[in-house]
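Enquirer: You'll find model.pdb just under this line, and it carries PDB, C-alpha atoms, pLDDT in the B column.
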```pdb
ATOM      1  CA  MET A 278      19.299  35.633  12.341  1.00 51.00           C
ATOM      2  CA  PRO A 279      17.735  36.421  15.738  1.00 51.00           C
ATOM      3  CA  GLU A 280      16.319  39.564  14.156  1.00 52.00           C
ATOM      4  CA  ALA A 281      14.522  37.481  11.504  1.00 48.00           C
ATOM      5  CA  VAL A 282      13.008  35.225  14.179  1.00 46.00           C
ATOM      6  CA  ALA A 283      11.922  38.234  16.176  1.00 49.00           C
ATOM      7  CA  GLU A 284      10.423  39.766  13.024  1.00 47.00           C
ATOM      8  CA  CYS A 285       8.485  36.507  12.346  1.00 44.00           C
ATOM      9  CA  LYS A 286       7.075  36.582  15.880  1.00 50.00           C
ATOM     10  CA  ARG A 287       5.874  40.137  15.311  1.00 48.00           C
ATOM     11  CA  SER A 288       4.312  39.524  11.931  1.00 50.00           C
ATOM     12  CA  PRO A 289       1.820  36.693  11.349  1.00 48.00           C
ATOM     13  CA  VAL A 290       1.871  37.568   7.643  1.00 44.00           C
ATOM     14  CA  VAL A 291       5.590  36.862   7.375  1.00 42.00           C
ATOM     15  CA  ALA A 292       5.190  33.634   9.377  1.00 42.00           C
ATOM     16  CA  SER A 293       2.400  32.497   7.064  1.00 43.00           C
ATOM     17  CA  ALA A 294       4.521  33.302   4.017  1.00 40.00           C
ATOM     18  CA  LEU A 295       7.445  31.269   5.399  1.00 37.00           C
ATOM     19  CA  LEU A 296       5.117  28.360   6.102  1.00 38.00           C
ATOM     20  CA  LEU A 297       3.748  28.560   2.559  1.00 38.00           C
ATOM     21  CA  VAL A 298       7.274  28.596   1.088  1.00 36.00           C
ATOM     22  CA  ALA A 299       8.259  25.594   3.237  1.00 37.00           C
ATOM     23  CA  THR A 300       5.174  23.710   2.075  1.00 36.00           C
ATOM     24  CA  VAL A 301       5.847  24.476  -1.594  1.00 35.00           C
ATOM     25  CA  VAL A 302       9.522  23.506  -1.301  1.00 35.00           C
ATOM     26  CA  THR A 303       8.630  20.255   0.469  1.00 35.00           C
ATOM     27  CA  GLY A 304       5.948  19.525  -2.133  1.00 39.00           C
ATOM     28  CA  CYS A 305       8.387  20.125  -4.965  1.00 35.00           C
ATOM     29  CA  ALA A 306      10.895  17.773  -3.397  1.00 35.00           C
ATOM     30  CA  VAL A 307       8.329  14.966  -3.196  1.00 31.00           C
ATOM     31  CA  SER A 308       6.638  15.588  -6.542  1.00 29.00           C
ATOM     32  CA  PRO A 309       9.270  14.044  -8.872  1.00 30.00           C
ATOM     33  CA  VAL A 310       9.110  10.767  -6.937  1.00 31.00           C
ATOM     34  CA  ALA A 311       5.344  10.651  -7.314  1.00 33.00           C
ATOM     35  CA  ASP A 312       5.607  11.573 -11.007  1.00 33.00           C
ATOM     36  CA  ALA A 313       8.225   8.866 -11.608  1.00 34.00           C
ATOM     37  CA  LYS A 314       5.995   6.322  -9.903  1.00 36.00           C
ATOM     38  CA  GLY A 315       3.019   7.435 -12.031  1.00 40.00           C
ATOM     39  CA  GLU A 316       5.054   7.184 -15.244  1.00 39.00           C
ATOM     40  CA  ALA A 317       6.265   3.699 -14.315  1.00 39.00           C
ATOM     41  CA  SER A 318       2.699   2.499 -13.752  1.00 44.00           C
ATOM     42  CA  LYS A 319       1.622   3.683 -17.246  1.00 59.00           C
ATOM     43  CA  THR A 320       3.820   1.060 -18.913  1.00 72.00           C
ATOM     44  CA  LEU A 321       1.784  -2.136 -18.886  1.00 84.00           C
ATOM     45  CA  GLU A 322       3.445  -5.482 -18.445  1.00 93.00           C
ATOM     46  CA  ILE A 323       3.046  -7.950 -21.298  1.00 96.00           C
ATOM     47  CA  HIS A 324       2.018 -11.367 -19.972  1.00 97.00           C
ATOM     48  CA  THR A 325       2.595 -14.624 -21.824  1.00 97.00           C
ATOM     49  CA  ASP A 326       0.979 -17.097 -19.437  1.00 97.00           C
ATOM     50  CA  THR A 327      -2.090 -18.702 -20.974  1.00 97.00           C
ATOM     51  CA  GLU A 328      -3.747 -20.103 -17.837  1.00 96.00           C
ATOM     52  CA  PRO A 329      -5.601 -16.932 -16.711  1.00 96.00           C
ATOM     53  CA  LEU A 330      -7.045 -16.517 -20.209  1.00 97.00           C
ATOM     54  CA  ALA A 331      -7.859 -20.221 -20.609  1.00 96.00           C
ATOM     55  CA  LYS A 332      -9.767 -20.232 -17.292  1.00 96.00           C
ATOM     56  CA  ARG A 333     -11.931 -17.301 -18.389  1.00 96.00           C
ATOM     57  CA  LEU A 334     -12.288 -18.241 -22.070  1.00 96.00           C
ATOM     58  CA  PRO A 335     -12.800 -22.033 -22.177  1.00 96.00           C
ATOM     59  CA  LYS A 336     -15.112 -21.812 -25.210  1.00 95.00           C
ATOM     60  CA  LEU A 337     -12.194 -20.671 -27.387  1.00 96.00           C
ATOM     61  CA  GLY A 338     -10.513 -24.056 -27.034  1.00 95.00           C
ATOM     62  CA  ARG A 339      -6.836 -24.572 -26.288  1.00 97.00           C
ATOM     63  CA  ILE A 340      -4.755 -21.407 -26.262  1.00 98.00           C
ATOM     64  CA  VAL A 341      -1.315 -22.361 -27.600  1.00 98.00           C
ATOM     65  CA  SER A 342       0.351 -19.014 -26.851  1.00 98.00           C
ATOM     66  CA  ALA A 343      -0.672 -15.533 -25.780  1.00 98.00           C
ATOM     67  CA  HIS A 344       0.564 -11.991 -25.332  1.00 98.00           C
ATOM     68  CA  TRP A 345      -1.715  -9.889 -23.192  1.00 97.00           C
ATOM     69  CA  GLN A 346      -2.022  -6.850 -20.955  1.00 97.00           C
ATOM     70  CA  GLN A 347      -4.322  -5.965 -18.115  1.00 94.00           C
ATOM     71  CA  GLU A 348      -4.982  -2.422 -16.996  1.00 90.00           C
ATOM     72  CA  ALA A 349      -6.934  -1.165 -13.988  1.00 83.00           C
ATOM     73  CA  PRO A 350      -7.077   2.600 -14.513  1.00 74.00           C
ATOM     74  CA  GLY A 351      -8.925   3.173 -11.237  1.00 63.00           C
ATOM     75  CA  GLY A 352      -6.757   0.668  -9.393  1.00 55.00           C
ATOM     76  CA  ASP A 353      -5.351   3.094  -6.839  1.00 56.00           C
ATOM     77  CA  SER A 354      -5.108   1.056  -3.637  1.00 57.00           C
ATOM     78  CA  ARG A 355      -5.987   4.174  -1.627  1.00 62.00           C
ATOM     79  CA  VAL A 356      -9.489   4.198  -3.118  1.00 59.00           C
ATOM     80  CA  PRO A 357     -11.865   1.534  -1.767  1.00 59.00           C
ATOM     81  CA  GLY A 358     -14.383  -0.280  -3.899  1.00 57.00           C
ATOM     82  CA  PRO A 359     -14.537  -2.248  -7.121  1.00 68.00           C
ATOM     83  CA  THR A 360     -12.193  -1.480  -9.963  1.00 80.00           C
ATOM     84  CA  ASP A 361     -12.791  -2.122 -13.656  1.00 88.00           C
ATOM     85  CA  TYR A 362      -9.986  -3.827 -15.501  1.00 91.00           C
ATOM     86  CA  TYR A 363      -9.343  -3.876 -19.211  1.00 94.00           C
ATOM     87  CA  VAL A 364      -7.743  -6.804 -21.012  1.00 96.00           C
ATOM     88  CA  SER A 365      -6.138  -6.768 -24.439  1.00 97.00           C
ATOM     89  CA  ALA A 366      -4.958 -10.179 -25.599  1.00 98.00           C
ATOM     90  CA  LEU A 367      -3.569 -11.763 -28.751  1.00 98.00           C
ATOM     91  CA  MET A 368      -4.045 -15.531 -28.514  1.00 98.00           C
ATOM     92  CA  LYS A 369      -2.898 -18.259 -30.884  1.00 98.00           C
ATOM     93  CA  LEU A 370      -5.215 -21.277 -30.877  1.00 98.00           C
ATOM     94  CA  ASP A 371      -4.757 -24.857 -32.038  1.00 96.00           C
ATOM     95  CA  PRO A 372      -4.583 -25.161 -35.861  1.00 97.00           C
ATOM     96  CA  GLY A 373      -8.063 -25.009 -37.410  1.00 96.00           C
ATOM     97  CA  SER A 374      -9.750 -23.741 -34.205  1.00 96.00           C
ATOM     98  CA  VAL A 375     -10.657 -20.321 -35.564  1.00 97.00           C
ATOM     99  CA  ALA A 376     -12.275 -21.860 -38.644  1.00 96.00           C
ATOM    100  CA  VAL A 377     -14.414 -24.077 -36.396  1.00 96.00           C
ATOM    101  CA  LEU A 378     -15.399 -21.154 -34.121  1.00 96.00           C
ATOM    102  CA  THR A 379     -16.368 -18.893 -37.016  1.00 95.00           C
ATOM    103  CA  ALA A 380     -18.005 -21.493 -39.320  1.00 94.00           C
ATOM    104  CA  SER A 381     -21.552 -21.254 -37.993  1.00 89.00           C
ATOM    105  CA  THR A 382     -21.726 -17.450 -37.697  1.00 91.00           C
ATOM    106  CA  GLN A 383     -21.793 -14.745 -40.323  1.00 93.00           C
ATOM    107  CA  MET A 384     -18.535 -12.820 -39.862  1.00 95.00           C
ATOM    108  CA  GLN A 385     -17.900  -9.207 -40.821  1.00 92.00           C
ATOM    109  CA  PRO A 386     -14.502  -7.871 -41.885  1.00 92.00           C
ATOM    110  CA  ALA A 387     -12.897  -5.769 -39.159  1.00 91.00           C
ATOM    111  CA  VAL A 388     -11.188  -2.538 -40.073  1.00 79.00           C
ATOM    112  CA  ILE A 389      -7.953  -1.557 -38.331  1.00 79.00           C
ATOM    113  CA  GLY A 390      -8.408   1.818 -36.638  1.00 77.00           C
ATOM    114  CA  ALA A 391     -10.022   3.624 -33.754  1.00 74.00           C
ATOM    115  CA  GLY A 392     -13.705   3.572 -34.750  1.00 72.00           C
ATOM    116  CA  PRO A 393     -16.443   1.883 -32.697  1.00 67.00           C
ATOM    117  CA  GLU A 394     -16.552  -1.226 -34.914  1.00 68.00           C
ATOM    118  CA  SER A 395     -12.845  -1.397 -35.676  1.00 82.00           C
ATOM    119  CA  ILE A 396      -9.973  -3.351 -34.212  1.00 89.00           C
ATOM    120  CA  SER A 397      -7.438  -1.279 -32.307  1.00 90.00           C
ATOM    121  CA  ILE A 398      -4.560  -3.347 -30.925  1.00 93.00           C
ATOM    122  CA  PRO A 399      -2.433  -1.549 -28.307  1.00 93.00           C
ATOM    123  CA  VAL A 400       0.974  -0.453 -29.613  1.00 93.00           C
ATOM    124  CA  GLU A 401       2.768  -2.714 -27.112  1.00 95.00           C
ATOM    125  CA  LEU A 402       1.065  -5.786 -28.593  1.00 96.00           C
ATOM    126  CA  THR A 403       1.232  -4.992 -32.317  1.00 94.00           C
ATOM    127  CA  GLU A 404       4.560  -6.777 -32.781  1.00 95.00           C
ATOM    128  CA  PHE A 405       2.818 -10.021 -31.741  1.00 97.00           C
ATOM    129  CA  ALA A 406      -0.055  -9.662 -34.218  1.00 96.00           C
ATOM    130  CA  PRO A 407       0.159 -11.851 -37.316  1.00 96.00           C
ATOM    131  CA  ALA A 408       1.492 -10.082 -40.398  1.00 93.00           C
ATOM    132  CA  GLY A 409      -1.166  -9.590 -43.065  1.00 92.00           C
ATOM    133  CA  ALA A 410      -4.002 -10.620 -40.737  1.00 94.00           C
ATOM    134  CA  GLN A 411      -7.514 -10.607 -42.231  1.00 94.00           C
ATOM    135  CA  TRP A 412      -9.502  -9.893 -39.064  1.00 95.00           C
ATOM    136  CA  VAL A 413     -13.189 -10.763 -38.884  1.00 95.00           C
ATOM    137  CA  HIS A 414     -15.726 -10.063 -36.154  1.00 94.00           C
ATOM    138  CA  SER A 415     -19.173 -11.170 -34.994  1.00 94.00           C
ATOM    139  CA  ARG A 416     -21.204  -9.722 -32.114  1.00 93.00           C
ATOM    140  CA  VAL A 417     -22.821 -13.126 -31.711  1.00 95.00           C
ATOM    141  CA  LEU A 418     -19.435 -14.661 -30.880  1.00 96.00           C
ATOM    142  CA  ASP A 419     -18.593 -11.762 -28.541  1.00 95.00           C
ATOM    143  CA  GLU A 420     -21.673 -12.610 -26.502  1.00 94.00           C
ATOM    144  CA  SER A 421     -21.500 -16.391 -26.694  1.00 94.00           C
ATOM    145  CA  LEU A 422     -17.777 -16.977 -26.117  1.00 96.00           C
ATOM    146  CA  VAL A 423     -16.942 -14.427 -23.406  1.00 95.00           C
ATOM    147  CA  ARG A 424     -18.533 -13.538 -20.060  1.00 94.00           C
ATOM    148  CA  ALA A 425     -17.576  -9.902 -19.469  1.00 94.00           C
ATOM    149  CA  ASP A 426     -19.068  -6.491 -18.884  1.00 94.00           C
ATOM    150  CA  SER A 427     -18.093  -5.801 -22.486  1.00 94.00           C
ATOM    151  CA  ALA A 428     -15.995  -7.787 -24.930  1.00 95.00           C
ATOM    152  CA  LYS A 429     -15.025  -7.899 -28.567  1.00 95.00           C
ATOM    153  CA  LEU A 430     -13.322 -10.813 -30.265  1.00 96.00           C
ATOM    154  CA  TYR A 431     -11.559 -10.535 -33.608  1.00 96.00           C
ATOM    155  CA  PHE A 432     -10.437 -13.613 -35.500  1.00 97.00           C
ATOM    156  CA  ASP A 433      -7.747 -14.199 -38.117  1.00 96.00           C
ATOM    157  CA  PRO A 434      -8.522 -17.624 -39.619  1.00 96.00           C
ATOM    158  CA  GLY A 435      -5.245 -17.714 -41.579  1.00 96.00           C
ATOM    159  CA  SER A 436      -3.093 -17.698 -38.440  1.00 97.00           C
ATOM    160  CA  ASP A 437      -5.596 -19.119 -35.904  1.00 98.00           C
ATOM    161  CA  THR A 438      -5.189 -15.944 -33.878  1.00 98.00           C
ATOM    162  CA  VAL A 439      -7.845 -14.272 -31.744  1.00 98.00           C
ATOM    163  CA  TYR A 440      -7.652 -10.728 -30.423  1.00 97.00           C
ATOM    164  CA  LEU A 441      -9.713  -9.924 -27.314  1.00 97.00           C
ATOM    165  CA  SER A 442     -10.538  -6.442 -26.073  1.00 96.00           C
ATOM    166  CA  ALA A 443     -12.654  -6.664 -22.915  1.00 95.00           C
ATOM    167  CA  THR A 444     -13.721  -5.032 -19.687  1.00 94.00           C
ATOM    168  CA  ASN A 445     -14.050  -7.192 -16.560  1.00 93.00           C
ATOM    169  CA  VAL A 446     -13.768 -10.717 -17.960  1.00 93.00           C
ATOM    170  CA  HIS A 447     -15.592 -13.065 -15.589  1.00 91.00           C
ATOM    171  CA  LEU A 448     -15.023 -16.713 -14.820  1.00 89.00           C
ATOM    172  CA  PRO A 449     -17.479 -18.783 -16.878  1.00 84.00           C
ATOM    173  CA  ASN A 450     -19.251 -20.295 -13.851  1.00 78.00           C
ATOM    174  CA  ALA A 451     -19.253 -17.191 -11.658  1.00 61.00           C
ATOM    175  CA  VAL A 452     -22.612 -15.886 -10.542  1.00 55.00           C
ATOM    176  CA  THR A 453     -23.322 -12.245 -11.327  1.00 54.00           C
ATOM    177  CA  VAL A 454     -26.232 -10.589  -9.575  1.00 55.00           C
ATOM    178  CA  HIS A 455     -27.702  -7.528 -11.252  1.00 54.00           C
ATOM    179  CA  VAL A 456     -29.823  -5.284  -9.053  1.00 55.00           C
ATOM    180  CA  GLY A 457     -32.306  -2.991 -10.729  1.00 57.00           C
ATOM    181  CA  PRO A 458     -33.094   0.575  -9.725  1.00 62.00           C
ATOM    182  CA  ASP A 459     -35.933  -0.639  -7.482  1.00 61.00           C
ATOM    183  CA  GLY A 460     -33.554  -2.953  -5.555  1.00 57.00           C
ATOM    184  CA  ASN A 461     -34.805  -6.165  -7.196  1.00 55.00           C
TER     185      ASN A 461
END
```
Could I get this structure in the form of structure tokens?
Expert:
Amino acid sequence: MPEAVAECKRSPVVASALLLVATVVTGCAVSPVADAKGEASKTLEIHTDTEPLAKRLPKLGRIVSAHWQQEAPGGDSRVPGPTDYYVSALMKLDPGSVAVLTASTQMQPAVIGAGPESISIPVELTEFAPAGAQWVHSRVLDESLVRADSAKLYFDPGSDTVYLSATNVHLPNAVTVHVGPDGN
């Protein structure tokens, strides 16, 4: 062994190679922990509390029950600054509420799928969607019932269920200041 140490002292190339091997071995030992943590964070928790949704969506009326997820893809606490968050929520309203909400607006049938005008419920929430739902949609209701950076509401009048897909849902009375490119 002393010969190997002496050889390392004589050869900076060998010393650099040993340092590189040590770094790779150490990195490999840490990597599975980081990967396991990353995999765990990809599974989103399903929430059933209605209060956070009711506070942000008072125009929907009383939410009887809900199953929802919130995701913040850029939510790494090591990165400073604002983070977008995405909400997917299936909400059951009081009987007859969906009919009242949709009565004064022309509704369009919503197609299940992945297109821009279609309803795409996350796999984790599909078991909570009403069987045989006849989803309808209106951009007017998206804009008038939800304060968010972007939001789509889909309604199933037969089950009084609403599906929300939104980015950054705001409190209804929160002030949002938009600054233009000229600073005004």
Enquirer: Neighbours of Gly409 (chain A) within 10 Å (all atoms listed in the file; same-chain residues fewer than 3 positions away dropped), as a list in words?
Expert: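 Selected residues are Ala406, Trp412, Asp433, Gly435 and Ser436 of chain A.
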Enquirer: Using only C-alpha atoms, can you tell me which of A:Val417, A:Ala366, A:Ile340, A:Val439 comes closest to His324 (chain A)?
Expert: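 Result for the nearest residue to His324 (chain A): A:Ala366.
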Enquirer: Check which residues satisfy the PyMOL selection byres ((chain A and resi 440) around 12) in the file shown, then give them as a VMD selection string.
Expert: chain A and resid 330 337 340 343 to 346 364 to 370 375 387 395 to 399 402 to 403 405 to 407 410 to 414 419 428 to 434 436 to 439 441 to 443
Enquirer: For a quick check of understanding, using all atoms listed in the file, which of A:Val341, A:Leu448, A:Leu321, A:Met384 has the smallest distance to Val423 (chain A)?
Expert: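 Answer, going by the shortest atom-to-atom distance: A:Leu448.
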Enquirer: Can you measure CA of Ala349 (chain A) to CA of Thr444 (chain A) for me? One decimal in Å is fine.
Expert: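 These two atoms are separated by 9.7 Å.
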Enquirer: Rounded to one decimal place, report the CA of Thr320 (chain A)-CA of Pro335 (chain A) distance in Å.
Expert: 28.6 Å
Enquirer: Suppose you want the space between CA of Asp361 (chain A) and CA of Ser415 (chain A); what is it in Å?
Expert: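 Separation of CA of Asp361 (chain A) and CA of Ser415 (chain A): 24.0 Å.
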